[in-house]
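Data first, discussion second: the structure below is written as structure tokens.
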Amino acid sequence: MAVQKSKWERRYFLKRFGRATLILTGVLLTVFWFSLPNPLFRDPVSKVLEDRDGNLLGARIAKDGQWRFPFNEEVPNNFEKAIIAFEDKRFYKHPGFDPIAFGRALSQNIRNGRVVSGGSTLSMQVIRMARKGKPRTLLEKFIEVWLALRLELRFSKKEILALYASNAPFGGNVVGLDAASWRYFGKKPQLLSWSEATTLAVLPNSPALIYPGRNRRALTTKRDQLLEKLLGQGAIDSVAYLLALEEPLPDRPKPLPNLAPHLLDRAFSEKQLEPDLRGTKVVSTLDGPLQSRINELCVRKGAVLNGNEIHNLAVLVLDVEKNEVLAYVGNEPGAGAEHGEDVDIIKAPRSTGSILKPMLYAMMMQEGQLLPTNLLPDVPTQMNGYRPENFLETYNGVVPAKTALVRSLNVPFVRMLQQYGVEKFHHNLKKLGLTTLTFPPQHYGLTLILGGAEGSLWDIANVYGGMARTLNHFYPNNGRYSQDDFKKASYQKRNDQEIKAKSDLLNDPSYLSANAIWFAFDAMHDLQRPNAEGTWEKFESTIPIAWKTGTSFGFRDAWAIGVTPKYVVGIWAGNADGEGRPGLVGIYAAAPLLFEVFDLLSSSRWFDAPFDEMKKMTVCRQSGFLALPICEKDTVWGPLNGLNSQPCPYHQLINLDKGKQFQVSADCELPSNMVQTPWFLLPPLEEFYYRSQNPNYRPLPPFRKDCGQHKKGDKEMMELIYPKNPTKIYVPVDLDGKMSRTVFKIAHRRAETLVYWHIDNQYIGMTSTFHEMALNPSAGKHILTVVDEMGNRLEQVFEILPRGK
């Protein structure tokens, strides 16, 4: 019985012991499996911006004051070989713990009576770096071994090497290979030489002692020993070894590149990255060398503008086809804090000046309200108290629509906007992507086309980029339209799948038609500006460019936008605080830099005309409107919808005598003796200004004396220039304390005609040839009456405001 009991007890004990062992093993395995923190490193990292080739554009130091770049899974081959040779030569053979290295280190420590070697593998060092601040005890060494074994089960050898390279200390406040490579050598790790790679490989072993710029002899010795070891292993040949020995050590940490600080701040403020703990690196679409060269251009141009107290510049370059940002200079480098250097002008709302005129031109073309050849009034104009003026304060009478855009004339475009409708233009601008129109259309009124609204360089350049893309894609898309063409450009590098994703094609344009855009660009290609003598001249360029300048009221903003099939370049110049300066105009402050930037870009052909959406049209040669049977004709290309545009309003038939010298009527001449003659006839005000610049213009012949007075209405013979409408006139006080005079002016078809002037039925005087009078009416309401010698009469109510109102 005793024997059986003993056997039973042994079996029971073994069974219980086995279970306990199994449970304990399971617990240990569970603890082992979940012992490794996830994520392994929680340190704050620097915000990093790279160009499209992976070169550093700029960085912001981490929150803990360390230059610690985000995790980089790529480790250069020469650094990998160097660090393995120096720290862990059996790295690819052990499971995270190397007994041979540990035994050797233990033996060395015993012989020296102090710790001279830790015997830690790279895997164990990764654990030690993750468990920062822990004392170097036997218990801590055991924990490192334990976690290193677990580390090897979670990560591959390459990943462990990358973890080491990204988190190793390299002296001072430099952490990680990427930061060290840029701080000490000014290059990305992939470009490190063997000398540079070995220098960095020996630094983590003793970062506090061996620091570039100090202890150069010790650092040189360690580097050279490592190079000799690599030579012995066959990792480098004798030539590479000797060349590496000759390379000097870095003197002191280099400043990091700061080529696109405003884009760096923008990228992280807009939080376009994935919500990843370590996702603090933006690989941008910027062309690093181009960005650098444009920065240099801005510094040179800024030095010139600074002489006129103009302190800020911004440049944006877009790749049209890829819809990507190539260069982003948010402000002039070195402008200084006192001049708002940190302000990102590219995003800032600024008065648009004339930069929106091509958009209105294209919209009216698209709807068939305009042909490029249509004559538009260019005369003194006053609309509901608003009095636009051309830049040179001169008038042409009438100009072709294309010429109005080519010369950026204000008065014709204000009249165009009145015809098109402020509400519709406002709506379409927002649809195109102008996000700064925060007020209703009534707030801007007709000033919307001349800088009464604000726009950002970002929005405006993107609109012109969308226009260029629409035109480029017209034939590849078989005349159909993609809504993607007007998407905002990306400054963050995208993968192939994102680039290839496209929306469905539409038969009709959602934004602007290709033909309307082409006619706008065609006019912008022929841009003219006044020269020093005040005459108009065309700006020539070696590259065909559609370009436009703009100047805001008060000379606060100077703009220049240029477009080719490949690129959009946007320039802004001014002061970030809004201070205006004389001479701050687009053609002088912004346009020269525009062409210098284009000189840095590759040339391209001109846009293909979308002939499928164009048609040859017969127009009157003199007016440019759709032809009437009675006018001389010409043939021009126009948008298809232009066939619905207005027929010529300026040609009419008049009755002349047989000598074609005088007008006659049925009151004085037999119908058989009348000669019906087509005549190009402008309204009196338009004619007044047009005749001074067009000597070939034929005024309407006078009526023959026996035909009596002109019967067709007073306004056909003369027209008021000022005051045009019921007007409140504020009269300033001169230096002598007396009130200034107000100049009243009319236009008459026959300048030599006598005109009699009256105010409040009181005769004032008479004029001939030059019909204007400088008068000083008293404060209050008055009636101006003018009567010519033929009895034609005009009246206009006006009010003189008393002093102080």
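Just so we're on the same page: first chain in the structure tokens is A, next is B, and so on; residues restart at 1 for each chain, and ligands are numbered from 1 in the order they show up.
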Return as a tab-separated table the residues of stretch 330-391 of chain A lying at most 9 Å from stretch 677-694 of chain A, together with the closest atom-to-atom pair for each and the distance in Å to one decimal, counting only C-alpha atoms, with rows in chain order and ascending residue number.
residue	atom	partner	partner_atom	distance
A:Pro377	CA	A:Glu686	CA	6.6
A:Asp378	CA	A:Glu686	CA	7.1
A:Val379	CA	A:Glu686	CA	6.2
A:Pro380	CA	A:Leu685	CA	8.7
Sel. of strand (DSSP E or B) residues, stretch 378-598 of chain A, as a VMD selection string: chain A and resid 378 383 386 397 to 400 454 to 455 481 to 482 490 492 505 to 506 528 to 530 536 to 538 546 to 551 557 to 563 567 to 574
Please provide the set of residues having any atom within 8 Å of A:Trp518, restricted to only C-alpha atoms, with same-chain residues fewer than 3 positions apart removed, written as a ChimeraX atom specification. /A:471,514-515,521-522,607,609-610
Mind checking which residues fall within 9 Å of stretch 764-771 of chain A, counting only C-alpha atoms, ignoring those fewer than 2 positions away in the same chain, and posting them as a PyMOL selection string? chain A and resi 744-748+750-759+762+773+775
For A:Ser181, the nearest of the candidates A:His473, A:Lys81, A:Lys254, A:Arg749, counting only C-alpha atoms: A:Lys254
Quick check, in Å to one decimal: how far apart do atom CA of A:Ala774 and atom CA of A:Tyr395 lie?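 About the pair atom CA of A:Ala774 and atom CA of A:Tyr395: they are 20.9 Å apart.
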Please run DSSP on the backbone and report, as a PyMOL selection string, all residues within stretch 167-230 of chain A that come out as helix (DSSP H, G or I). chain A and resi 167+177-185+189-191+194-202+216-230
Give me, please, the distance in Å between atom CA of A:Gln125 and atom CA of A:Asn72, quoted to one decimal. 17.5 Å
Identify, on the basis of only C-alpha atoms, every residue whose closest approach to A:Met364 does not exceed 12 Å; exclude the query and any residue fewer than 3 positions from it along the same chain; express the result as a ChimeraX atom specification. /A:357-361,367-372,374,401,413,416-421,424-425,428,512-513,515-517,519-520,639,641-642,644-645
Would you compute the distance between atom CA of A:Met383 and atom CA of A:Arg741? Give it in Å to one decimal.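 So the answer is 22.9 Å.
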Could you check which of A:Arg60, A:Arg621, A:Lys724, A:Lys487 is closest to A:Asn258, using only C-alpha atoms?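 Closest to A:Asn258 of all the choices is A:Arg60.
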Find the spatial neighbours of A:Arg90, counting only C-alpha atoms, within a cut-off of 12 Å - ignore same-chain residues fewer than 3 positions away - and output them as a PyMOL selection string. chain A and resi 81+83-87+93-102+119-123+157
Need the shell around A:Ala589: protein/DNA/RNA residues with any atom at most 7 Å away, counting only C-alpha atoms. Skip same-chain ones fewer than 3 positions apart. Format as a PDB file with N, CA, C and O atoms, in the first residue's frame?
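This is the output file part.pdb:
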ATOM      1  N   ALA A 558       1.316  95.383 -56.084  1.00  0.00           N
ATOM      2  CA  ALA A 558       1.739  95.231 -57.481  1.00  0.00           C
ATOM      3  C   ALA A 558       1.704  93.748 -57.818  1.00  0.00           C
ATOM      4  O   ALA A 558       2.287  92.929 -57.103  1.00  0.00           O
ATOM      5  N   ALA A 573       4.267  92.204 -55.140  1.00  0.00           N
ATOM      6  CA  ALA A 573       5.232  93.082 -54.484  1.00  0.00           C
ATOM      7  C   ALA A 573       4.478  94.162 -53.739  1.00  0.00           C
ATOM      8  O   ALA A 573       3.419  94.629 -54.180  1.00  0.00           O
ATOM      9  N   LEU A 584       4.853 101.928 -56.968  1.00  0.00           N
ATOM     10  CA  LEU A 584       4.543 100.519 -56.706  1.00  0.00           C
ATOM     11  C   LEU A 584       3.436 100.092 -57.663  1.00  0.00           C
ATOM     12  O   LEU A 584       2.258 100.038 -57.313  1.00  0.00           O
ATOM     13  N   VAL A 585       3.819  99.804 -58.898  1.00  0.00           N
ATOM     14  CA  VAL A 585       2.882  99.377 -59.935  1.00  0.00           C
ATOM     15  C   VAL A 585       3.360  98.059 -60.515  1.00  0.00           C
ATOM     16  O   VAL A 585       4.551  97.750 -60.505  1.00  0.00           O
ATOM     17  N   GLY A 586       2.432  97.288 -61.008  1.00  0.00           N
ATOM     18  CA  GLY A 586       2.733  95.938 -61.456  1.00  0.00           C
ATOM     19  C   GLY A 586       3.795  95.870 -62.531  1.00  0.00           C
ATOM     20  O   GLY A 586       4.672  95.003 -62.502  1.00  0.00           O
TER      21      GLY A 586
END
Please determine, counting only C-alpha atoms, which residue among A:Val569, A:Val406, A:Val563, A:Val619 has the shortest atom-to-atom distance to A:Ala523. A:Val406
Under the rule of at most 9 Å, produce a per-residue listing of stretch 216-315 of chain A near stretch 340-354 of chain A: chain, number, name, the closest pair of atoms, and the distance in Å, as a tab-separated table, using only C-alpha atoms.
residue	atom	partner	partner_atom	distance
A:Pro261	CA	A:Asp342	CA	8.4
A:His262	CA	A:Asp344	CA	5.7
A:Leu263	CA	A:Asp344	CA	8.3
A:Arg266	CA	A:Asp344	CA	8.4
A:His311	CA	A:Gly340	CA	8.7
A:Asn312	CA	A:Glu341	CA	7.4
A:Leu313	CA	A:Ile345	CA	7.7
A:Ala314	CA	A:Ile345	CA	6.1
A:Val315	CA	A:Ile346	CA	7.5
Same residues, C-alpha atoms, saved as a compact mmCIF listing (two decimals), in the first residue's frame:
# COMPACT_ATOMS: atom_id res chain seq x y z
CA PRO A 261 9.79 78.60 -44.40
CA HIS A 262 6.29 79.78 -45.23
CA LEU A 263 5.33 76.54 -46.96
CA ARG A 266 1.55 76.28 -43.94
CA HIS A 311 9.96 95.52 -48.41
CA ASN A 312 7.97 92.43 -49.35
CA LEU A 313 7.81 90.04 -52.32
CA ALA A 314 6.08 86.74 -53.01
CA VAL A 315 6.54 84.26 -55.86
Rank nothing, just name the residue among A:Asp319, A:Ala404, A:Ile571, A:Lys633 nearest to A:Gly466, using only C-alpha atoms.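 The closest residue to A:Gly466 is A:Asp319.
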Select, from A:Val731, A:Val329, A:Ile61, A:Val675, the residue with the minimum atom-to-atom distance to A:Ala179, counting only C-alpha atoms. A:Ile61
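Considering the residues A:Arg387, A:Lys89, A:Arg19, A:Arg293 and counting only C-alpha atoms, A:Lys229 has its shortest atom-to-atom contact with A:Lys89.
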